[in-house]
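To keep things clear, I will list the structure first and then write my remarks on it.
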2 protein chains.
Amino acid sequence: MIGLNRTHDPQRRSWVESANVAGADFPMQNLPFGIFRGADGVARGGVAIGDQIVDLVRLRAAGLLKGKAAEAARAAAGPVLNPLLQLGNAHASSLRAALSDLLDAAHEDRSHRAELGTCLVPIRLATLQLPVHIGAFTDFLCSIDHTLRLRRGVLPPAFKHLPIAYNGRATSVVVSGTAVTRPQGQFRQGEAVTFGAEPSLDFELEVGAFVGTGNELGRPFTLADADGHTFGHCLVNDWSARGIQFFESEPLGPFLGKSFATSISPWIVTAEALLPFRVAALVRDVGDPQPAHLTSEVNSELGALDLALEAFVLTPRMRASGLEPAPVTQTSFRSMYWTFAQMLTHHASNGCNLQPGDLLASGTTSGASAASRACLAELSQLGTLPLELTNGEMRTWLEDGDEVILRAHAEHPDYVPIGFGECRGVVRSGA
Amino acid sequence: MIGLNRTHDPQRRSWVESANVAGADFPMQNLPFGIFRGADGVARGGVAIGDQIVDLVRLRAAGLLKGKAAEAARAAAGPVLNPLLQLGNAHASSLRAALSDLLDAAHEDRSHRAELGTCLVPIRLATLQLPVHIGAFTDFLCSIDHTLRLRRGVLPPAFKHLPIAYNGRATSVVVSGTAVTRPQGQFRQGEAVTFGAEPSLDFELEVGAFVGTGNELGRPFTLADADGHTFGHCLVNDWSARGIQFFESEPLGPFLGKSFATSISPWIVTAEALLPFRVAALVRDVGDPQPAHLTSEVNSELGALDLALEAFVLTPRMRASGLEPAPVTQTSFRSMYWTFAQMLTHHASNGCNLQPGDLLASGTTSGASAASRACLAELSQLGTLPLELTNGEMRTWLEDGDEVILRAHAEHPDYVPIGFGECRGVVRSGA
C-alpha cells in the first residue's frame, strides 16, 4: 500500500523553475504521466514538471534510473501507457520517487542535471495524445444533485444502494484539444420526431479514473483492494446531445446521445499524487443503505477526493474580442455520493473483468448550489432559462464555435496544491 | 458490391466428404472464418469445411493462393481476424472463391489436393477461440415481441423510430464452450434489497454481426454503404442476471446484469455466405415511422436474414442420463423489426466510429408464437410459471450445471443450407 512519502513533501522545490510558480498545475508534488509527440513525431511517455515534459525514453537511455523506476520508464516508452498501468502502482511509484529526487533543487548531487536537462521538452512544443488505449469506458451517476435536477426531483430506486452506471463508448474518447463535431440524430420537436443536427448540445464536467492492474473474468475484488487497481485520474467532458439522449434512452439508457465524443485531459494525475487530498466520503443519512461489500471505515474516512472543479465557455465572440473564457461552473468533487473505490468494486462485483487503461467517470459533478451545476441542462433548467455569460451573451445550449474548458485543482493547507491541466474542446458544425 | 457467385452454386460439392453430408453446418457454400489452436498451440486463422479446418497459414505457405486471396490469408495468420476484417470484404471474398475452387470435387485439376490435405485439421482436435479482438460490443432491441413481453405490453417511444441499443461490455465476451460463472450482485427480494448470488439467471438467443471496415469519428455512412461495413455473423448468448438487471437499470440501462459474460459461436459466417438467405425486412404498419436515413428499397426488399434459430437446455440430470438437450426455443430471425444494415447505420449516424471486429447483437430474437420466446424471462412469464423440459424437469431460471446451446441454420429451396455451428455455455456456481 502506497502512503505519503518524500514525494509529497511540501518543502520540495525543483530546479526546473516553472514548477515552483504559485498555482502551477505541475509542481514537484504532481508529476503526472502522459503521452506526447515531440519534434521527431514519435509518441512516447513523459512526465510533466512545470512547463516541461521529462521524456521517459531519453531519461532511461541516459541511465539515470534503476530497478523498478527503470522498468516503469521502459513500460512507458511506447505510444500508450497501458504497459505501465499493467505493472502495478508500485512501479509508477518508484519512478515518481526517482524523478522527484532527480528534479529536487535541494539534491546535493547536481551531476545529473545537465543530462536530465537534455530530456526536457517544453509542453508547448509537444503534441499531447490520449495517455492510454482505453479498452472500455464506463460512466457513473454519482451526484445526487445532478440526478435530482435531471429527473425532476426523484432519485432512481437503486441510487443509494449502488453507484449506477452504464457502459460508454470507448472508441470516441478523444484527447483535449480535439474538435467535437455536432452530431446528427433523431429527437423530438414538439409532437414530431425529426432527424437533424442536435439542437441541445451540452457538456458534462466529470472526473475520470484509470484502472491500473485489472482482474480476471469471474474474479471480483474487495473494496480494500480497489485502490490497488486505481492508477490515476483525469478530467472528463462527457459531451451530451440532449435531444438525441432524451428520445433514445428508454429503456436501455444513453447511447448515441453520448457516443459521438468524450474528451479527457491528457495528463494522468496519479492516485499517489492525490493522497494528501483524500477526505471523508459523503456522510450517509440515517437509514440509508450501507451495502457491506461497498462499505469500510477507510472508505468512509478517506475514500473521497477533495478536488475543486471548474468549467468555462469561450464563445467565438469572446475569442474575437480577446476576452477570457466565461466561468459557468464551480463545484467540488466532495459532493459525490460514491467514491472511486466503490465504483471500481461495484463494477467488478459481478465478475466483470476490468483491464489496464479502462476509464471510469464519475458522472456530472454537480453540487447543491446554483454555481455548482455542472452541465447546461442544469444551468439552463432543462433548456427553459438561458444562462448569461460574463460578456452578456446568452447560452441555453452550446453553439458552433463554442469551446468548453474544464479545470481541476487539489488544495490542502499542509501541502502544495496540484492541478490536472485543462480539458478543452471546440464544437464544430457537422454540416 | 459482392453478389451471388460460383461459391453459392448448390451443385458444388467438396472432395472433403464430411462437407457434403445433408444438414452439415459447414458445406462448400459456407466457408466461415475462425481462429483455432492446433497441436502446436499457436492461434491462427482457419476456414471450416465439413468437420475440418483449413489452416490458412499452411495454405498460404503451400503457395496455393494468389493476389487478394493470398493477402487475405496473410491477414488471417495471427491470433485474431481483425486485420482480415480491416482489409474489406473484397479480400475475404477472393479467399472464399479461391478456397471454394480448391475444395471443389469437380475441379479437373487435382494436383493441389495432396498439398491442401496437409492443411486440414480436424475440428475436434482444435481449440476454437474468439475469432476477433472485440473492441466494442453493442446490443440492440430489435424484437417487438420480446420488448412487449418484458415491458408488460408497452413499446418504448423510440422503438419504431430507431433500433434502440446500449453499449455492452466487450471484455467479458467469451467463446462458446467457456463456463459462465453465476454473478453476485444486488437485487430485490420482496421489499428488501440484498447482495448475493443471482437467483434469476437467464439466457438470450441473439444473432451478432461483426463490423468489417470501420468509419472515422464524425463520419457517418449511409444505409446503402452499411453492407460494405458488415463482415459476417455469429450466434450470441447474452446471458442476463435478471435480478441485478431489473434493479440497476433505471435510468441508465443494463450494466452488471449483463457484463459478467456474453458467449458467441466461434465461426464467423460471412455476409457473402448468407446472401442467398436475404429476405424482405419486416413490413411496417400503416403510419409507422419511416426515417429517411434508415429507409431504402433494397433494405425493405432484401435487408433481412432468414435464419432459423434454436435454443436448448442440457441439465445435469439429462447429462447424467445421456439424454439429448431439451429444445426450449424455435424462432426466426425474420421477425426482427430492424435489419443489421439499419443497426450499423444508426450506430454511426451520430459520427460514432465503428472499428473492425466490433460486435453488434440483435437483442433477443423472440417472435409472436409461444415456441419462439427466446429467453427464460419470456418462457417463464417473468418467473411466474416454470417451464417443463422434455424430461419432465422444471425450470424458471437457469440452475448451476445447466448448459445452454444455441444453433442457427439458413435454408432456401434453391440453395444448400448452411449452419452457424453451436454456441454453448455451462453455468457454474460463483461460490
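Following the order of the C-alpha cells, first chain is A, next is B, and so on, with residues numbered from 1 inside each chain and ligands from 1 in the order they appear.
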
Please, which residues in segment 254-367 of chain A fall within 7 Å of segment 125-135 of chain A when counting only C-alpha atoms, and what is the closest atom pair and distance in Å to one decimal for each, ordered by chain then residue number, as CSV?
```
residue,atom,partner,partner_atom,distance
A:Pro266,CA,A:Leu130,CA,6.0
A:Trp267,CA,A:Pro131,CA,7.0
A:Gly357,CA,A:Ile134,CA,5.2
A:Asp358,CA,A:Ile134,CA,5.3
A:Leu359,CA,A:Ile134,CA,6.4
```

Mind dumping the selected residues with N, CA, C and O atoms as a compact mmCIF listing (two decimals), in the first residue's frame?
```txt
# COMPACT_ATOMS: atom_id res chain seq x y z
N PRO A 266 -5.11 15.40 -20.94
CA PRO A 266 -4.06 14.48 -21.40
C PRO A 266 -3.20 13.87 -20.31
O PRO A 266 -2.54 12.87 -20.54
N TRP A 267 -3.17 14.47 -19.11
CA TRP A 267 -2.26 14.01 -18.06
C TRP A 267 -2.98 13.13 -17.06
O TRP A 267 -4.07 13.46 -16.59
N GLY A 357 -6.06 0.56 -18.18
CA GLY A 357 -6.43 1.60 -19.13
C GLY A 357 -7.92 1.82 -19.25
O GLY A 357 -8.35 2.78 -19.89
N ASP A 358 -8.73 0.94 -18.66
CA ASP A 358 -10.17 1.21 -18.64
C ASP A 358 -10.41 2.54 -17.94
O ASP A 358 -9.77 2.86 -16.94
N LEU A 359 -11.36 3.30 -18.48
CA LEU A 359 -11.69 4.60 -17.91
C LEU A 359 -13.06 4.55 -17.24
O LEU A 359 -14.03 4.12 -17.85
```

May I ask you to extract the residues of chain B within 7 Å of chain A, using only C-alpha atoms, and to give them as a ChimeraX atom specification? /B:135,156,158,164-169,171-172,181,183-185,217-218,247-248,250-256,259-260,349-353

Would you write out those residues with N, CA, C and O atoms, as a compact mmCIF listing (two decimals), in the first residue's frame?
```
# COMPACT_ATOMS: atom_id res chain seq x y z
N GLY B 135 -13.39 -4.93 -29.84
CA GLY B 135 -13.10 -3.66 -29.18
C GLY B 135 -14.33 -3.04 -28.57
O GLY B 135 -14.25 -2.31 -27.58
N PRO B 156 -41.42 1.02 -26.06
CA PRO B 156 -40.83 2.33 -25.73
C PRO B 156 -41.09 3.32 -26.87
O PRO B 156 -41.23 2.91 -28.03
N ALA B 158 -39.35 5.29 -28.68
CA ALA B 158 -38.44 5.35 -29.83
C ALA B 158 -38.42 4.06 -30.64
O ALA B 158 -37.80 4.03 -31.71
N ILE B 164 -33.23 0.70 -30.97
CA ILE B 164 -32.76 1.03 -29.62
C ILE B 164 -31.60 0.11 -29.26
O ILE B 164 -31.61 -1.08 -29.56
N ALA B 165 -30.59 0.67 -28.62
CA ALA B 165 -29.40 -0.12 -28.29
C ALA B 165 -28.72 0.44 -27.06
O ALA B 165 -28.99 1.57 -26.63
N TYR B 166 -27.82 -0.35 -26.50
CA TYR B 166 -26.94 0.13 -25.43
C TYR B 166 -25.56 -0.46 -25.67
O TYR B 166 -25.40 -1.47 -26.36
N ASN B 167 -24.56 0.22 -25.11
CA ASN B 167 -23.21 -0.30 -25.18
C ASN B 167 -23.09 -1.45 -24.20
O ASN B 167 -23.36 -1.30 -23.01
N GLY B 168 -22.68 -2.62 -24.70
CA GLY B 168 -22.43 -3.76 -23.82
C GLY B 168 -20.98 -3.72 -23.35
O GLY B 168 -20.25 -2.77 -23.58
N ARG B 169 -20.57 -4.79 -22.68
CA ARG B 169 -19.20 -4.88 -22.17
C ARG B 169 -18.43 -5.85 -23.07
O ARG B 169 -18.75 -7.04 -23.14
N THR B 171 -15.16 -6.74 -22.88
CA THR B 171 -14.10 -7.58 -22.30
C THR B 171 -14.63 -8.93 -21.82
O THR B 171 -13.86 -9.88 -21.71
N SER B 172 -15.92 -9.00 -21.52
CA SER B 172 -16.45 -10.26 -20.99
C SER B 172 -17.16 -11.08 -22.06
O SER B 172 -17.90 -12.00 -21.73
N THR B 181 -19.73 -18.04 -14.98
CA THR B 181 -19.87 -18.00 -13.52
C THR B 181 -21.10 -17.20 -13.13
O THR B 181 -21.27 -16.06 -13.57
N PRO B 183 -23.15 -14.69 -11.48
CA PRO B 183 -22.65 -13.47 -10.84
C PRO B 183 -23.28 -13.22 -9.48
O PRO B 183 -24.37 -13.71 -9.18
N GLN B 184 -22.57 -12.44 -8.67
CA GLN B 184 -23.16 -11.88 -7.46
C GLN B 184 -23.61 -10.46 -7.76
O GLN B 184 -23.09 -9.82 -8.67
N GLY B 185 -24.54 -10.00 -6.96
CA GLY B 185 -25.00 -8.64 -7.16
C GLY B 185 -26.14 -8.28 -6.23
O GLY B 185 -26.54 -9.08 -5.39
N LEU B 217 -14.27 8.79 -36.82
CA LEU B 217 -15.08 9.58 -35.88
C LEU B 217 -15.60 10.83 -36.59
O LEU B 217 -14.85 11.54 -37.25
N GLY B 218 -16.90 11.07 -36.45
CA GLY B 218 -17.50 12.25 -37.07
C GLY B 218 -17.95 12.04 -38.51
O GLY B 218 -18.46 12.96 -39.14
N PHE B 247 -33.05 -4.40 -11.09
CA PHE B 247 -32.86 -3.44 -10.00
C PHE B 247 -32.00 -2.24 -10.44
O PHE B 247 -32.24 -1.11 -10.05
N GLU B 248 -30.99 -2.49 -11.26
CA GLU B 248 -29.99 -1.45 -11.55
C GLU B 248 -30.36 -0.53 -12.72
O GLU B 248 -29.74 0.52 -12.89
N GLU B 250 -32.66 1.49 -13.99
CA GLU B 250 -33.25 2.83 -14.07
C GLU B 250 -32.26 3.84 -13.52
O GLU B 250 -31.81 3.70 -12.40
N PRO B 251 -31.88 4.87 -14.29
CA PRO B 251 -32.33 5.24 -15.64
C PRO B 251 -31.30 4.96 -16.73
O PRO B 251 -31.53 5.34 -17.87
N LEU B 252 -30.19 4.29 -16.43
CA LEU B 252 -29.10 4.22 -17.42
C LEU B 252 -29.02 2.90 -18.16
O LEU B 252 -28.10 2.69 -18.95
N GLY B 253 -29.96 1.99 -17.92
CA GLY B 253 -29.98 0.74 -18.67
C GLY B 253 -29.19 -0.37 -18.01
O GLY B 253 -28.65 -0.22 -16.91
N PRO B 254 -29.11 -1.53 -18.70
CA PRO B 254 -28.45 -2.71 -18.12
C PRO B 254 -26.95 -2.49 -17.99
O PRO B 254 -26.33 -1.86 -18.83
N PHE B 255 -26.36 -3.04 -16.93
CA PHE B 255 -24.92 -2.87 -16.70
C PHE B 255 -24.38 -4.19 -16.15
O PHE B 255 -24.04 -5.09 -16.91
N LEU B 256 -24.37 -4.36 -14.82
CA LEU B 256 -23.82 -5.60 -14.25
C LEU B 256 -24.73 -6.81 -14.51
O LEU B 256 -24.27 -7.95 -14.42
N SER B 259 -22.87 -7.75 -17.86
CA SER B 259 -21.44 -7.66 -18.15
C SER B 259 -20.60 -8.78 -17.55
O SER B 259 -19.37 -8.76 -17.65
N PHE B 260 -21.24 -9.77 -16.93
CA PHE B 260 -20.46 -10.88 -16.35
C PHE B 260 -20.06 -11.89 -17.42
O PHE B 260 -19.06 -12.58 -17.26
N SER B 349 -24.64 6.97 -37.11
CA SER B 349 -25.33 8.16 -37.62
C SER B 349 -24.95 9.43 -36.85
O SER B 349 -25.09 10.53 -37.36
N ASN B 350 -24.48 9.29 -35.63
CA ASN B 350 -24.06 10.46 -34.84
C ASN B 350 -22.56 10.71 -34.98
O ASN B 350 -22.00 11.53 -34.26
N GLY B 351 -21.92 9.97 -35.86
CA GLY B 351 -20.49 10.13 -36.05
C GLY B 351 -19.66 9.13 -35.26
O GLY B 351 -18.44 9.12 -35.36
N CYS B 352 -20.31 8.29 -34.46
CA CYS B 352 -19.58 7.30 -33.67
C CYS B 352 -18.75 6.41 -34.61
O CYS B 352 -19.24 5.97 -35.65
N ASN B 353 -17.50 6.20 -34.23
CA ASN B 353 -16.60 5.42 -35.08
C ASN B 353 -16.66 3.94 -34.76
O ASN B 353 -16.28 3.51 -33.68
```

Which of segment 136-226 of chain A end up as strand (DSSP E) when DSSP is run on this backbone - answer as a ChimeraX atom specification? /A:137-140,165-167,173-175,180-181,184-189,192-197,201-202,205-211

Apply DSSP to the structure's backbone, then extract all residues of segment 179-428 of chain A labelled alpha helix (DSSP H) and return them as a PyMOL selection string. chain A and resi 223-226+242-248+297-302+316-321+340-348+376-379

Would you mind exporting N, CA and C atoms of the selected residues as a JSON list (two decimals), in the first residue's frame?
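As a result, part25.json now contains:
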```
[["chain", "number", "residue", "atom", "x", "y", "z"],
["A", 223, "LEU", "N", -13.44, -4.01, -1.66],
["A", 223, "LEU", "CA", -13.29, -2.56, -1.54],
["A", 223, "LEU", "C", -11.89, -2.20, -1.05],
["A", 224, "ALA", "N", -11.33, -3.03, -0.17],
["A", 224, "ALA", "CA", -9.99, -2.76, 0.35],
["A", 224, "ALA", "C", -8.94, -2.84, -0.75],
["A", 225, "ASP", "N", -9.21, -3.65, -1.78],
["A", 225, "ASP", "CA", -8.24, -3.81, -2.87],
["A", 225, "ASP", "C", -8.42, -2.79, -3.99],
["A", 226, "ALA", "N", -9.50, -2.04, -3.95],
["A", 226, "ALA", "CA", -9.85, -1.18, -5.09],
["A", 226, "ALA", "C", -8.77, -0.13, -5.37],
["A", 242, "ARG", "N", -28.54, 16.30, -25.88],
["A", 242, "ARG", "CA", -29.72, 16.06, -25.03],
["A", 242, "ARG", "C", -30.95, 15.64, -25.81],
["A", 243, "GLY", "N", -31.14, 16.21, -27.01],
["A", 243, "GLY", "CA", -32.31, 15.83, -27.81],
["A", 243, "GLY", "C", -32.27, 14.35, -28.15],
["A", 244, "ILE", "N", -31.12, 13.92, -28.66],
["A", 244, "ILE", "CA", -30.95, 12.51, -29.00],
["A", 244, "ILE", "C", -31.07, 11.64, -27.75],
["A", 245, "GLN", "N", -30.38, 12.05, -26.70],
["A", 245, "GLN", "CA", -30.33, 11.25, -25.47],
["A", 245, "GLN", "C", -31.71, 11.07, -24.85],
["A", 246, "PHE", "N", -32.45, 12.15, -24.73],
["A", 246, "PHE", "CA", -33.74, 12.04, -24.04],
["A", 246, "PHE", "C", -34.74, 11.23, -24.86],
["A", 247, "PHE", "N", -34.57, 11.23, -26.20],
["A", 247, "PHE", "CA", -35.51, 10.45, -27.02],
["A", 247, "PHE", "C", -35.17, 8.96, -27.01],
["A", 248, "GLU", "N", -33.88, 8.63, -27.03],
["A", 248, "GLU", "CA", -33.47, 7.24, -27.25],
["A", 248, "GLU", "C", -33.40, 6.39, -25.97],
["A", 297, "GLU", "N", -14.50, 1.39, 6.89],
["A", 297, "GLU", "CA", -14.12, 2.58, 7.65],
["A", 297, "GLU", "C", -13.15, 3.43, 6.84],
["A", 298, "VAL", "N", -12.17, 2.76, 6.21],
["A", 298, "VAL", "CA", -11.19, 3.50, 5.42],
["A", 298, "VAL", "C", -11.89, 4.30, 4.32],
["A", 299, "ASN", "N", -12.84, 3.67, 3.65],
["A", 299, "ASN", "CA", -13.54, 4.37, 2.58],
["A", 299, "ASN", "C", -14.35, 5.54, 3.13],
["A", 300, "SER", "N", -15.02, 5.32, 4.25],
["A", 300, "SER", "CA", -15.83, 6.40, 4.82],
["A", 300, "SER", "C", -14.95, 7.57, 5.25],
["A", 301, "GLU", "N", -13.78, 7.25, 5.79],
["A", 301, "GLU", "CA", -12.95, 8.32, 6.36],
["A", 301, "GLU", "C", -12.00, 8.98, 5.36],
["A", 302, "LEU", "N", -11.55, 8.20, 4.37],
["A", 302, "LEU", "CA", -10.55, 8.74, 3.44],
["A", 302, "LEU", "C", -10.78, 8.30, 2.00],
["A", 316, "PRO", "N", -17.12, 32.21, -29.75],
["A", 316, "PRO", "CA", -16.39, 32.86, -30.85],
["A", 316, "PRO", "C", -16.28, 34.37, -30.65],
["A", 317, "ARG", "N", -17.32, 34.99, -30.08],
["A", 317, "ARG", "CA", -17.27, 36.44, -29.87],
["A", 317, "ARG", "C", -16.22, 36.81, -28.83],
["A", 318, "MET", "N", -16.15, 36.02, -27.76],
["A", 318, "MET", "CA", -15.09, 36.25, -26.74],
["A", 318, "MET", "C", -13.71, 36.09, -27.38],
["A", 319, "ARG", "N", -13.57, 35.05, -28.19],
["A", 319, "ARG", "CA", -12.28, 34.78, -28.82],
["A", 319, "ARG", "C", -11.87, 35.96, -29.70],
["A", 320, "ALA", "N", -12.83, 36.46, -30.47],
["A", 320, "ALA", "CA", -12.53, 37.58, -31.38],
["A", 320, "ALA", "C", -12.19, 38.85, -30.59],
["A", 321, "SER", "N", -12.79, 39.00, -29.40],
["A", 321, "SER", "CA", -12.55, 40.20, -28.60],
["A", 321, "SER", "C", -11.39, 40.04, -27.63],
["A", 340, "PHE", "N", -14.46, 6.55, -5.90],
["A", 340, "PHE", "CA", -13.96, 5.71, -6.99],
["A", 340, "PHE", "C", -13.71, 4.27, -6.52],
["A", 341, "ALA", "N", -13.28, 4.10, -5.29],
["A", 341, "ALA", "CA", -13.07, 2.73, -4.79],
["A", 341, "ALA", "C", -14.39, 1.96, -4.82],
["A", 342, "GLN", "N", -15.47, 2.63, -4.47],
["A", 342, "GLN", "CA", -16.78, 1.97, -4.53],
["A", 342, "GLN", "C", -17.20, 1.70, -5.98],
["A", 343, "MET", "N", -16.91, 2.66, -6.87],
["A", 343, "MET", "CA", -17.27, 2.46, -8.28],
["A", 343, "MET", "C", -16.53, 1.25, -8.86],
["A", 344, "LEU", "N", -15.22, 1.17, -8.61],
["A", 344, "LEU", "CA", -14.45, 0.04, -9.15],
["A", 344, "LEU", "C", -14.93, -1.29, -8.56],
["A", 345, "THR", "N", -15.15, -1.28, -7.24],
["A", 345, "THR", "CA", -15.56, -2.53, -6.58],
["A", 345, "THR", "C", -16.91, -3.00, -7.11],
["A", 346, "HIS", "N", -17.84, -2.06, -7.22],
["A", 346, "HIS", "CA", -19.15, -2.40, -7.78],
["A", 346, "HIS", "C", -19.01, -2.93, -9.20],
["A", 347, "HIS", "N", -18.19, -2.27, -10.02],
["A", 347, "HIS", "CA", -18.04, -2.63, -11.43],
["A", 347, "HIS", "C", -17.58, -4.09, -11.59],
["A", 348, "ALA", "N", -16.69, -4.50, -10.68],
["A", 348, "ALA", "CA", -16.14, -5.86, -10.78],
["A", 348, "ALA", "C", -16.91, -6.86, -9.91],
["A", 376, "LEU", "N", -25.06, 22.23, -18.85],
["A", 376, "LEU", "CA", -26.03, 23.25, -19.25],
["A", 376, "LEU", "C", -27.47, 22.82, -18.98],
["A", 377, "ALA", "N", -27.73, 21.53, -19.05],
["A", 377, "ALA", "CA", -29.10, 21.07, -18.78],
["A", 377, "ALA", "C", -29.55, 21.53, -17.40],
["A", 378, "GLU", "N", -28.60, 21.53, -16.44],
["A", 378, "GLU", "CA", -28.93, 22.06, -15.12],
["A", 378, "GLU", "C", -28.90, 23.58, -15.11],
["A", 379, "LEU", "N", -27.87, 24.15, -15.72],
["A", 379, "LEU", "CA", -27.71, 25.61, -15.68],
["A", 379, "LEU", "C", -28.86, 26.32, -16.38]]
```

Mind giving me the straight-line distance from atom CA of Glu310 of chain B to atom CA of Gln330 of chain B in Å, one decimal?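 Atom-to-atom, atom CA of Glu310 of chain B and atom CA of Gln330 of chain B are spaced 4.6 Å apart.
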
Residues near segment 10-21 of chain A, cut-off 7 Å, only C-alpha atoms, skip fewer than 4 positions along chain, as a ChimeraX atom specification: /A:26-28,49-51,103-105,415-416

Report as a VMD selection string all protein, DNA and RNA residues lying within 9 Å of Ser380 of chain A, evaluated on only C-alpha atoms, omitting residues in the same chain fewer than 5 positions from it. chain A and resid 375 385 to 387 395 to 397

Generate the output file for the selected residues, N, CA and C atoms, as a compact mmCIF listing (two decimals), in the first residue's frame.
```
# COMPACT_ATOMS: atom_id res chain seq x y z
N CYS A 375 -23.49 21.11 -15.79
CA CYS A 375 -23.83 20.93 -17.21
C CYS A 375 -24.89 21.97 -17.56
N LEU A 385 -34.31 28.28 -19.36
CA LEU A 385 -33.85 29.58 -18.89
C LEU A 385 -32.40 29.79 -19.32
N PRO A 386 -32.16 30.58 -20.38
CA PRO A 386 -30.79 30.75 -20.87
C PRO A 386 -29.88 31.32 -19.79
N LEU A 387 -28.62 30.94 -19.88
CA LEU A 387 -27.58 31.38 -18.94
C LEU A 387 -26.90 32.62 -19.52
N ARG A 395 -26.61 31.68 -23.36
CA ARG A 395 -26.49 30.30 -23.85
C ARG A 395 -27.52 29.41 -23.16
N THR A 396 -28.35 28.77 -23.97
CA THR A 396 -29.18 27.69 -23.43
C THR A 396 -28.43 26.37 -23.63
N TRP A 397 -27.87 26.22 -24.84
CA TRP A 397 -27.05 25.05 -25.19
C TRP A 397 -25.81 25.57 -25.91
```

Point out the residue among A:Gly214, A:Asp402, A:Gly208, A:His146 with the least atom-to-atom distance to Ser372 of chain A, counting only C-alpha atoms.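 Closest residue, counting only C-alpha atoms: A:His146.
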